[in-house]
file run16.txt (compact mmCIF, N, CA and C atoms)
# COMPACT_ATOMS: atom_id res chain seq x y z
N MET I 2 0.85 -1.16 0.00
CA MET I 2 0.00 0.00 0.00
C MET I 2 0.90 1.23 0.00
N ALA I 3 0.58 2.21 -0.82
CA ALA I 3 1.41 3.41 -0.96
C ALA I 3 0.79 4.59 -0.21
N TYR I 4 1.65 5.40 0.37
CA TYR I 4 1.24 6.58 1.12
C TYR I 4 2.04 7.78 0.67
N GLU I 5 1.57 8.99 1.00
CA GLU I 5 2.31 10.22 0.74
C GLU I 5 2.31 11.08 1.99
N LEU I 6 3.41 11.81 2.18
CA LEU I 6 3.53 12.72 3.31
C LEU I 6 4.20 13.99 2.82
N LYS I 7 3.63 15.14 3.16
CA LYS I 7 4.22 16.42 2.79
C LYS I 7 4.87 17.01 4.02
N GLY I 8 6.02 17.62 3.82
CA GLY I 8 6.72 18.23 4.94
C GLY I 8 8.00 18.91 4.51
N THR I 9 8.84 19.18 5.50
CA THR I 9 10.11 19.86 5.27
C THR I 9 11.24 18.90 5.62
N LEU I 10 12.22 18.83 4.74
CA LEU I 10 13.38 17.97 4.98
C LEU I 10 14.20 18.55 6.13
N VAL I 11 14.31 17.78 7.21
CA VAL I 11 14.99 18.25 8.42
C VAL I 11 16.43 17.75 8.48
N LYS I 12 16.64 16.49 8.14
CA LYS I 12 17.99 15.92 8.28
C LYS I 12 18.21 14.83 7.24
N MET I 13 19.42 14.81 6.68
CA MET I 13 19.84 13.76 5.75
C MET I 13 21.01 13.02 6.39
N MET I 14 20.85 11.71 6.58
CA MET I 14 21.93 10.92 7.15
C MET I 14 22.86 10.45 6.03
N ASP I 15 24.04 9.96 6.41
CA ASP I 15 24.99 9.42 5.44
C ASP I 15 24.51 8.07 4.93
N ARG I 16 25.00 7.72 3.76
CA ARG I 16 24.69 6.42 3.17
C ARG I 16 25.34 5.32 4.01
N GLN I 17 24.62 4.22 4.20
CA GLN I 17 25.15 3.06 4.93
C GLN I 17 25.34 1.92 3.95
N ASP I 18 26.57 1.39 3.90
CA ASP I 18 26.89 0.24 3.04
C ASP I 18 27.09 -0.98 3.92
N PHE I 19 26.56 -2.13 3.45
CA PHE I 19 26.66 -3.37 4.21
C PHE I 19 27.48 -4.39 3.42
N PRO I 20 28.15 -5.33 4.10
CA PRO I 20 29.01 -6.31 3.41
C PRO I 20 28.28 -7.12 2.34
N SER I 21 26.98 -7.27 2.46
CA SER I 21 26.22 -8.05 1.47
C SER I 21 26.05 -7.32 0.14
N GLY I 22 26.44 -6.04 0.09
CA GLY I 22 26.26 -5.25 -1.12
C GLY I 22 25.03 -4.35 -1.04
N PHE I 23 24.21 -4.53 -0.02
CA PHE I 23 23.02 -3.71 0.19
C PHE I 23 23.45 -2.35 0.72
N PHE I 24 22.75 -1.28 0.33
CA PHE I 24 23.02 0.03 0.88
C PHE I 24 21.72 0.81 1.01
N LYS I 25 21.72 1.74 1.98
CA LYS I 25 20.53 2.54 2.25
C LYS I 25 20.94 3.90 2.76
N ARG I 26 19.95 4.81 2.79
CA ARG I 26 20.18 6.16 3.32
C ARG I 26 18.88 6.62 3.99
N ASP I 27 18.99 7.11 5.21
CA ASP I 27 17.84 7.58 5.96
C ASP I 27 17.76 9.10 5.90
N PHE I 28 16.54 9.62 6.06
CA PHE I 28 16.33 11.06 6.15
C PHE I 28 15.08 11.32 6.98
N VAL I 29 14.98 12.55 7.51
CA VAL I 29 13.88 12.91 8.40
C VAL I 29 13.10 14.07 7.79
N VAL I 30 11.76 13.94 7.82
CA VAL I 30 10.86 14.98 7.32
C VAL I 30 9.96 15.43 8.47
N ARG I 31 9.80 16.74 8.63
CA ARG I 31 8.88 17.29 9.64
C ARG I 31 7.55 17.58 8.96
N THR I 32 6.47 17.01 9.51
CA THR I 32 5.15 17.17 8.91
C THR I 32 4.62 18.59 9.09
N GLU I 33 3.63 18.93 8.27
CA GLU I 33 3.01 20.25 8.30
C GLU I 33 1.63 20.13 8.93
N GLU I 34 1.59 19.90 10.23
CA GLU I 34 0.34 19.73 10.96
C GLU I 34 0.31 20.71 12.13
N GLN I 35 -0.80 20.72 12.84
CA GLN I 35 -0.90 21.58 14.02
C GLN I 35 0.18 21.19 15.03
N TYR I 36 0.41 19.87 15.16
CA TYR I 36 1.47 19.36 16.03
C TYR I 36 2.45 18.59 15.15
N PRO I 37 3.48 19.28 14.63
CA PRO I 37 4.40 18.63 13.68
C PRO I 37 5.10 17.42 14.28
N GLN I 38 5.32 16.43 13.44
CA GLN I 38 6.03 15.21 13.81
C GLN I 38 7.28 15.07 12.94
N ASP I 39 8.36 14.58 13.52
CA ASP I 39 9.56 14.25 12.75
C ASP I 39 9.47 12.77 12.40
N VAL I 40 9.47 12.46 11.09
CA VAL I 40 9.28 11.09 10.61
C VAL I 40 10.52 10.67 9.83
N LYS I 41 11.08 9.51 10.18
CA LYS I 41 12.28 9.00 9.51
C LYS I 41 11.86 8.05 8.38
N PHE I 42 12.45 8.27 7.19
CA PHE I 42 12.23 7.44 6.02
C PHE I 42 13.55 6.81 5.60
N THR I 43 13.46 5.75 4.79
CA THR I 43 14.64 5.07 4.28
C THR I 43 14.55 4.96 2.77
N LEU I 44 15.65 5.28 2.09
CA LEU I 44 15.81 5.03 0.65
C LEU I 44 16.77 3.86 0.51
N VAL I 45 16.47 2.91 -0.37
CA VAL I 45 17.33 1.74 -0.53
C VAL I 45 17.84 1.64 -1.96
N LYS I 46 19.00 1.02 -2.07
CA LYS I 46 19.69 0.72 -3.33
C LYS I 46 19.80 1.95 -4.21
N GLU I 47 19.39 1.84 -5.49
CA GLU I 47 19.61 2.94 -6.44
C GLU I 47 18.82 4.19 -6.10
N LYS I 48 17.85 4.12 -5.22
CA LYS I 48 17.05 5.29 -4.87
C LYS I 48 17.76 6.24 -3.89
N VAL I 49 18.88 5.83 -3.32
CA VAL I 49 19.59 6.70 -2.37
C VAL I 49 20.02 8.01 -3.02
N ASP I 50 20.24 8.00 -4.33
CA ASP I 50 20.68 9.20 -5.03
C ASP I 50 19.56 10.23 -5.19
N PHE I 51 18.31 9.85 -4.99
CA PHE I 51 17.19 10.80 -5.09
C PHE I 51 17.37 11.95 -4.12
N LEU I 52 17.94 11.68 -2.97
CA LEU I 52 18.07 12.68 -1.91
C LEU I 52 19.08 13.77 -2.26
N ASP I 53 20.01 13.49 -3.17
CA ASP I 53 21.04 14.46 -3.54
C ASP I 53 20.45 15.71 -4.19
N ALA I 54 19.23 15.63 -4.72
CA ALA I 54 18.61 16.76 -5.40
C ALA I 54 17.97 17.74 -4.41
N PHE I 55 17.97 17.42 -3.12
CA PHE I 55 17.31 18.24 -2.11
C PHE I 55 18.31 18.78 -1.10
N GLN I 56 17.88 19.82 -0.38
CA GLN I 56 18.69 20.40 0.70
C GLN I 56 17.84 20.45 1.95
N GLU I 57 18.49 20.41 3.10
CA GLU I 57 17.77 20.51 4.36
C GLU I 57 17.02 21.84 4.40
N GLY I 58 15.78 21.80 4.89
CA GLY I 58 14.94 22.99 4.94
C GLY I 58 14.01 23.12 3.75
N GLN I 59 14.19 22.28 2.75
CA GLN I 59 13.37 22.33 1.54
C GLN I 59 12.07 21.54 1.75
N ALA I 60 10.96 22.09 1.23
CA ALA I 60 9.67 21.40 1.31
C ALA I 60 9.60 20.33 0.24
N LEU I 61 9.02 19.17 0.60
CA LEU I 61 8.93 18.08 -0.35
C LEU I 61 7.75 17.17 -0.02
N THR I 62 7.45 16.28 -0.96
CA THR I 62 6.45 15.25 -0.77
C THR I 62 7.14 13.90 -0.92
N VAL I 63 6.91 13.01 0.04
CA VAL I 63 7.53 11.69 0.04
C VAL I 63 6.45 10.65 -0.25
N SER I 64 6.66 9.82 -1.27
CA SER I 64 5.80 8.66 -1.53
C SER I 64 6.52 7.47 -0.93
N PHE I 65 5.78 6.65 -0.14
CA PHE I 65 6.45 5.57 0.58
C PHE I 65 5.51 4.39 0.81
N ASP I 66 6.11 3.27 1.19
CA ASP I 66 5.41 2.06 1.60
C ASP I 66 5.78 1.77 3.04
N VAL I 67 4.89 1.10 3.75
CA VAL I 67 5.16 0.66 5.11
C VAL I 67 5.62 -0.78 5.05
N ARG I 68 6.77 -1.08 5.64
CA ARG I 68 7.33 -2.43 5.67
C ARG I 68 7.48 -2.87 7.12
N GLY I 69 7.05 -4.07 7.42
CA GLY I 69 7.18 -4.60 8.77
C GLY I 69 7.88 -5.96 8.74
N ARG I 70 8.57 -6.28 9.84
CA ARG I 70 9.25 -7.57 9.92
C ARG I 70 9.45 -7.95 11.38
N GLU I 71 9.69 -9.23 11.59
CA GLU I 71 9.97 -9.76 12.92
C GLU I 71 11.41 -10.25 12.95
N TYR I 72 12.13 -9.98 14.03
CA TYR I 72 13.50 -10.45 14.20
C TYR I 72 13.70 -10.76 15.67
N ASN I 73 13.99 -12.02 15.97
CA ASN I 73 14.23 -12.48 17.35
C ASN I 73 13.11 -12.08 18.31
N GLY I 74 11.89 -12.23 17.87
CA GLY I 74 10.75 -11.93 18.74
C GLY I 74 10.39 -10.46 18.84
N ASN I 75 11.14 -9.59 18.18
CA ASN I 75 10.82 -8.16 18.17
C ASN I 75 10.28 -7.79 16.80
N TYR I 76 9.40 -6.81 16.76
CA TYR I 76 8.79 -6.39 15.50
C TYR I 76 9.25 -4.98 15.16
N TYR I 77 9.57 -4.78 13.88
CA TYR I 77 10.11 -3.51 13.40
C TYR I 77 9.28 -3.02 12.21
N VAL I 78 9.21 -1.69 12.08
CA VAL I 78 8.49 -1.07 10.97
C VAL I 78 9.43 -0.08 10.30
N ASP I 79 9.48 -0.12 8.96
CA ASP I 79 10.26 0.82 8.17
C ASP I 79 9.33 1.56 7.23
N LEU I 80 9.62 2.83 7.00
CA LEU I 80 8.91 3.61 5.99
C LEU I 80 9.86 3.71 4.80
N ASN I 81 9.57 2.93 3.77
CA ASN I 81 10.44 2.77 2.62
C ASN I 81 10.04 3.76 1.52
N ALA I 82 10.80 4.86 1.37
CA ALA I 82 10.50 5.89 0.38
C ALA I 82 10.89 5.40 -1.01
N TRP I 83 10.05 5.70 -2.00
CA TRP I 83 10.36 5.30 -3.37
C TRP I 83 10.24 6.45 -4.36
N ARG I 84 9.75 7.62 -3.91
CA ARG I 84 9.72 8.80 -4.77
C ARG I 84 9.76 10.04 -3.89
N LEU I 85 10.55 11.04 -4.32
CA LEU I 85 10.62 12.34 -3.66
C LEU I 85 10.31 13.40 -4.71
N THR I 86 9.40 14.31 -4.38
CA THR I 86 9.09 15.41 -5.29
C THR I 86 9.16 16.71 -4.52
N ALA I 87 9.54 17.78 -5.21
CA ALA I 87 9.59 19.10 -4.59
C ALA I 87 8.18 19.54 -4.24
N ALA I 88 8.04 20.48 -3.32
CA ALA I 88 6.73 20.93 -2.85
C ALA I 88 5.87 21.49 -3.98
N ASP I 89 6.49 22.06 -4.99
CA ASP I 89 5.71 22.62 -6.10
C ASP I 89 5.19 21.54 -7.05
N GLY I 90 5.47 20.27 -6.75
CA GLY I 90 4.96 19.17 -7.55
C GLY I 90 5.91 18.70 -8.63
N ALA I 91 6.94 19.46 -8.91
CA ALA I 91 7.91 19.07 -9.95
C ALA I 91 8.91 18.09 -9.37
N ALA I 92 9.21 17.06 -10.12
CA ALA I 92 10.23 16.11 -9.69
C ALA I 92 11.58 16.78 -9.82
N PRO I 93 12.46 16.64 -8.85
CA PRO I 93 13.79 17.24 -8.96
C PRO I 93 14.58 16.57 -10.07
N ALA I 94 15.61 17.25 -10.51
CA ALA I 94 16.46 16.69 -11.55
C ALA I 94 17.07 15.39 -11.06
N ALA I 95 17.17 14.43 -11.95
CA ALA I 95 17.76 13.14 -11.61
C ALA I 95 19.25 13.34 -11.33
N PRO I 96 19.83 12.48 -10.54
CA PRO I 96 21.26 12.58 -10.27
C PRO I 96 22.05 12.54 -11.57
N ALA I 97 23.18 13.21 -11.57
CA ALA I 97 24.00 13.28 -12.78
C ALA I 97 24.46 11.89 -13.20
N ALA I 98 24.26 11.62 -14.48
CA ALA I 98 24.70 10.35 -15.06
C ALA I 98 25.72 10.66 -16.14
N PRO I 99 26.57 9.73 -16.48
CA PRO I 99 27.54 10.00 -17.53
C PRO I 99 26.83 10.35 -18.82
N SER I 100 27.32 11.37 -19.50
CA SER I 100 26.67 11.80 -20.75
C SER I 100 26.94 10.79 -21.86
N ALA I 101 25.99 10.73 -22.80
CA ALA I 101 26.09 9.75 -23.88
C ALA I 101 27.27 10.05 -24.80
N GLY I 102 27.65 11.34 -24.90
CA GLY I 102 28.74 11.71 -25.80
C GLY I 102 30.12 11.60 -25.17
N ALA I 103 30.20 11.24 -23.91
CA ALA I 103 31.50 11.15 -23.24
C ALA I 103 32.30 9.97 -23.77
N ALA I 104 33.58 10.19 -23.96
CA ALA I 104 34.44 9.13 -24.47
C ALA I 104 34.67 8.08 -23.38
N PRO I 105 34.59 6.81 -23.72
CA PRO I 105 34.81 5.78 -22.72
C PRO I 105 36.27 5.74 -22.31
N LYS I 106 36.53 5.27 -21.10
CA LYS I 106 37.91 5.15 -20.62
C LYS I 106 38.61 4.05 -21.40
N PRO I 107 39.88 4.26 -21.75
CA PRO I 107 40.61 3.22 -22.47
C PRO I 107 40.85 2.00 -21.59
N LEU I 108 40.90 0.85 -22.21
CA LEU I 108 41.17 -0.39 -21.49
C LEU I 108 42.64 -0.46 -21.11
N PRO I 109 42.96 -1.10 -20.00
CA PRO I 109 44.37 -1.19 -19.59
C PRO I 109 45.14 -2.12 -20.53
N GLU I 110 46.45 -1.91 -20.57
CA GLU I 110 47.33 -2.77 -21.38
C GLU I 110 47.35 -4.18 -20.81
N VAL I 111 47.21 -5.16 -21.68
CA VAL I 111 47.24 -6.56 -21.27
C VAL I 111 48.36 -7.24 -22.04
N PRO I 112 49.27 -7.96 -21.37
CA PRO I 112 50.36 -8.62 -22.09
C PRO I 112 49.81 -9.69 -23.03
N SER I 113 50.50 -9.87 -24.12
CA SER I 113 50.11 -10.85 -25.12
C SER I 113 50.24 -12.26 -24.56
N MET I 114 49.36 -13.16 -25.01
CA MET I 114 49.40 -14.54 -24.54
C MET I 114 49.95 -15.48 -25.62
N GLN I 115 50.67 -14.95 -26.59
CA GLN I 115 51.22 -15.78 -27.66
C GLN I 115 52.34 -16.65 -27.11
N SER I 116 52.48 -17.82 -27.69
CA SER I 116 53.51 -18.75 -27.27
C SER I 116 54.87 -18.21 -27.65
N SER I 117 55.85 -18.42 -26.80
CA SER I 117 57.20 -17.95 -27.09
C SER I 117 58.01 -19.00 -27.83
N GLY I 118 57.36 -20.08 -28.27
CA GLY I 118 58.06 -21.12 -29.00
C GLY I 118 58.57 -22.23 -28.09
N GLU I 119 58.69 -21.96 -26.82
CA GLU I 119 59.15 -22.97 -25.89
C GLU I 119 57.93 -23.74 -25.37
N THR I 120 58.10 -25.01 -25.19
CA THR I 120 57.02 -25.81 -24.64
C THR I 120 57.34 -26.10 -23.19
N GLU I 121 56.34 -26.00 -22.38
CA GLU I 121 56.53 -26.27 -20.96
C GLU I 121 55.81 -27.57 -20.64
N ASP I 122 56.40 -28.35 -19.73
CA ASP I 122 55.72 -29.55 -19.29
C ASP I 122 54.51 -29.13 -18.48
N ASP I 123 53.39 -29.61 -18.91
CA ASP I 123 52.15 -29.24 -18.26
C ASP I 123 51.37 -30.52 -17.98
N ASP I 124 50.85 -30.65 -16.80
CA ASP I 124 50.16 -31.88 -16.48
C ASP I 124 48.67 -31.82 -16.87
N LEU I 125 48.25 -30.80 -17.60
CA LEU I 125 46.87 -30.73 -18.05
C LEU I 125 46.69 -31.61 -19.30
N PRO I 126 45.58 -32.32 -19.39
CA PRO I 126 45.40 -33.25 -20.51
C PRO I 126 45.02 -32.59 -21.84
N PHE I 127 44.90 -31.32 -21.89
CA PHE I 127 44.52 -30.67 -23.17
C PHE I 127 45.43 -29.52 -23.48

call {"tool": "encode", "arguments": {"input": "run16.txt", "output": "C-alpha cells"}}
result
Amino acid sequence: MAYELKGTLVKMMDRQDFPSGFFKRDFVVRTEEQYPQDVKFTLVKEKVDFLDAFQEGQALTVSFDVRGREYNGNYYVDLNAWRLTAADGAAPAAPAAPSAGAAPKPLPEVPSMQSSGETEDDDLPF
C-alpha cells in the first residue's frame, strides 16, 4: 500500500553500506500539521541518489510504503520511500549520469598470450 507525506526535509543521514552489497540512506521529514512530527524514512539501493537533489529545509512530498518484519521476537516497521518530489509538484532533476557523448575510458594494457616457442611440461590433458 502506498502513502504520501508532505513536509520539510529536516535531516539527511549518510549512506550506509553493508558487506552483502546492500546500501541505504535515511532522512527525516517534519510534517506540516498543528502538532508537527519528525518522521524517519529510508531510501534503498539505487534510490539513495534521489536525496542528492534536495537540501535541508526544503519542502517536499515523500511517496512511501510501510514495511514490517519480525526479528528475534521483536517487531520492526520501516517507511520505505520510493519517490521524492519538490513541494511545487515538480520532480527534482535526476542525479548526474555519464553523458552519452562522453568518451569511454581506455582499457588497460594486457600482455600478449602468444607462445614464445618454448614448450613447458604441463600436467593438463589438453

call {"tool": "atom_distance", "arguments": {"input": "run16.txt", "atom1": "atom C of Asp39 (chain I)", "atom2": "atom N of Tyr76 (chain I)"}}
result
20.1 Å

call {"tool": "atom_distance", "arguments": {"input": "run16.txt", "atom1": "atom C of Glu57 (chain I)", "atom2": "CA of Thr43 (chain I)"}}
result
16.9 Å

call {"tool": "atom_distance", "arguments": {"input": "run16.txt", "atom1": "CA of Ser21 (chain I)", "atom2": "CA of Tyr72 (chain I)"}}
result
18.2 Å

call {"tool": "residues_around", "arguments": {"input": "run16.txt", "residues": "Lys41 (chain I)", "least_positions_apart": "3", "cutoff": "7 Å", "atoms": "all atoms listed in the file", "output": "PyMOL selection string"}}
result
chain I and resi 27-30+80

call {"tool": "residues_around", "arguments": {"input": "run16.txt", "residues": "Gln56 (chain I)", "least_positions_apart": "3", "cutoff": "7 Å", "atoms": "only N, CA and C atoms", "output": "PyMOL selection string"}}
result
chain I and resi 10-11+52-53+59

call {"tool": "residues_around", "arguments": {"input": "run16.txt", "residues": "Val67 (chain I)", "least_positions_apart": "2", "cutoff": "8 Å", "atoms": "all atoms listed in the file", "output": "PyMOL selection string"}}
result
chain I and resi 2-4+65+69-70+78-82

call {"tool": "closest_residue", "arguments": {"input": "run16.txt", "among": "I:Arg68, I:Lys48, I:Lys7, I:Arg84", "to": "Glu33 (chain I)", "atoms": "all atoms listed in the file"}}
result
I:Lys7

call {"tool": "closest_residue", "arguments": {"input": "run16.txt", "among": "I:Ala87, I:Gly74, I:Gln35, I:Gly58", "to": "Thr9 (chain I)", "atoms": "only N, CA and C atoms"}}
result
I:Gly58

call {"tool": "axis_aligned_box", "arguments": {"input": "run16.txt", "around": "region 30-36 of chain I", "padding_each_side": "4 Å", "output": "lines of an AutoDock Vina configuration file"}}
result
center_x = 5.4
center_y = 17.8
center_z = 11.7
size_x = 20.7
size_y = 15.6
size_z = 16.7

call {"tool": "closest_residue", "arguments": {"input": "run16.txt", "among": "I:Glu5, I:Asn73, I:Glu110, I:Asp89", "to": "Thr32 (chain I)", "atoms": "only C-alpha atoms"}}
result
I:Glu5

call {"tool": "residues_around", "arguments": {"input": "run16.txt", "residues": "Val45 (chain I)", "least_positions_apart": "3", "cutoff": "6 Å", "atoms": "only N, CA and C atoms", "output": "list in words"}}
result
Phe24, Lys25, Arg26, Lys48 and Val49 of chain I

call {"tool": "select_by_dssp", "arguments": {"input": "run16.txt", "residues": "region 55-89 of chain I", "states": "strand (DSSP E)", "output": "ChimeraX atom specification"}}
result
/I:60-72,75-87

call {"tool": "write_last_selection", "arguments": {"input": "run16.txt", "atoms": "N, CA and C atoms", "output": "short mmCIF file (atom, residue, chain, number, x, y, z; two decimals), in the coordinates of the input"}}
result
data_model
loop_
_atom_site.label_atom_id
_atom_site.label_comp_id
_atom_site.auth_asym_id
_atom_site.auth_seq_id
_atom_site.Cartn_x
_atom_site.Cartn_y
_atom_site.Cartn_z
N ALA I 60 10.96 22.09 1.23
CA ALA I 60 9.67 21.40 1.31
C ALA I 60 9.60 20.33 0.24
N LEU I 61 9.02 19.17 0.60
CA LEU I 61 8.93 18.08 -0.35
C LEU I 61 7.75 17.17 -0.02
N THR I 62 7.45 16.28 -0.96
CA THR I 62 6.45 15.25 -0.77
C THR I 62 7.14 13.90 -0.92
N VAL I 63 6.91 13.01 0.04
CA VAL I 63 7.53 11.69 0.04
C VAL I 63 6.45 10.65 -0.25
N SER I 64 6.66 9.82 -1.27
CA SER I 64 5.80 8.66 -1.53
C SER I 64 6.52 7.47 -0.93
N PHE I 65 5.78 6.65 -0.14
CA PHE I 65 6.45 5.57 0.58
C PHE I 65 5.51 4.39 0.81
N ASP I 66 6.11 3.27 1.19
CA ASP I 66 5.41 2.06 1.60
C ASP I 66 5.78 1.77 3.04
N VAL I 67 4.89 1.10 3.75
CA VAL I 67 5.16 0.66 5.11
C VAL I 67 5.62 -0.78 5.05
N ARG I 68 6.77 -1.08 5.64
CA ARG I 68 7.33 -2.43 5.67
C ARG I 68 7.48 -2.87 7.12
N GLY I 69 7.05 -4.07 7.42
CA GLY I 69 7.18 -4.60 8.77
C GLY I 69 7.88 -5.96 8.74
N ARG I 70 8.57 -6.28 9.84
CA ARG I 70 9.25 -7.57 9.92
C ARG I 70 9.45 -7.95 11.38
N GLU I 71 9.69 -9.23 11.59
CA GLU I 71 9.97 -9.76 12.92
C GLU I 71 11.41 -10.25 12.95
N TYR I 72 12.13 -9.98 14.03
CA TYR I 72 13.50 -10.45 14.20
C TYR I 72 13.70 -10.76 15.67
N ASN I 75 11.14 -9.59 18.18
CA ASN I 75 10.82 -8.16 18.17
C ASN I 75 10.28 -7.79 16.80
N TYR I 76 9.40 -6.81 16.76
CA TYR I 76 8.79 -6.39 15.50
C TYR I 76 9.25 -4.98 15.16
N TYR I 77 9.57 -4.78 13.88
CA TYR I 77 10.11 -3.51 13.40
C TYR I 77 9.28 -3.02 12.21
N VAL I 78 9.21 -1.69 12.08
CA VAL I 78 8.49 -1.07 10.97
C VAL I 78 9.43 -0.08 10.30
N ASP I 79 9.48 -0.12 8.96
CA ASP I 79 10.26 0.82 8.17
C ASP I 79 9.33 1.56 7.23
N LEU I 80 9.62 2.83 7.00
CA LEU I 80 8.91 3.61 5.99
C LEU I 80 9.86 3.71 4.80
N ASN I 81 9.57 2.93 3.77
CA ASN I 81 10.44 2.77 2.62
C ASN I 81 10.04 3.76 1.52
N ALA I 82 10.80 4.86 1.37
CA ALA I 82 10.50 5.89 0.38
C ALA I 82 10.89 5.40 -1.01
N TRP I 83 10.05 5.70 -2.00
CA TRP I 83 10.36 5.30 -3.37
C TRP I 83 10.24 6.45 -4.36
N ARG I 84 9.75 7.62 -3.91
CA ARG I 84 9.72 8.80 -4.77
C ARG I 84 9.76 10.04 -3.89
N LEU I 85 10.55 11.04 -4.32
CA LEU I 85 10.62 12.34 -3.66
C LEU I 85 10.31 13.40 -4.71
N THR I 86 9.40 14.31 -4.38
CA THR I 86 9.09 15.41 -5.29
C THR I 86 9.16 16.71 -4.52
N ALA I 87 9.54 17.78 -5.21
CA ALA I 87 9.59 19.10 -4.59
C ALA I 87 8.18 19.54 -4.24
#
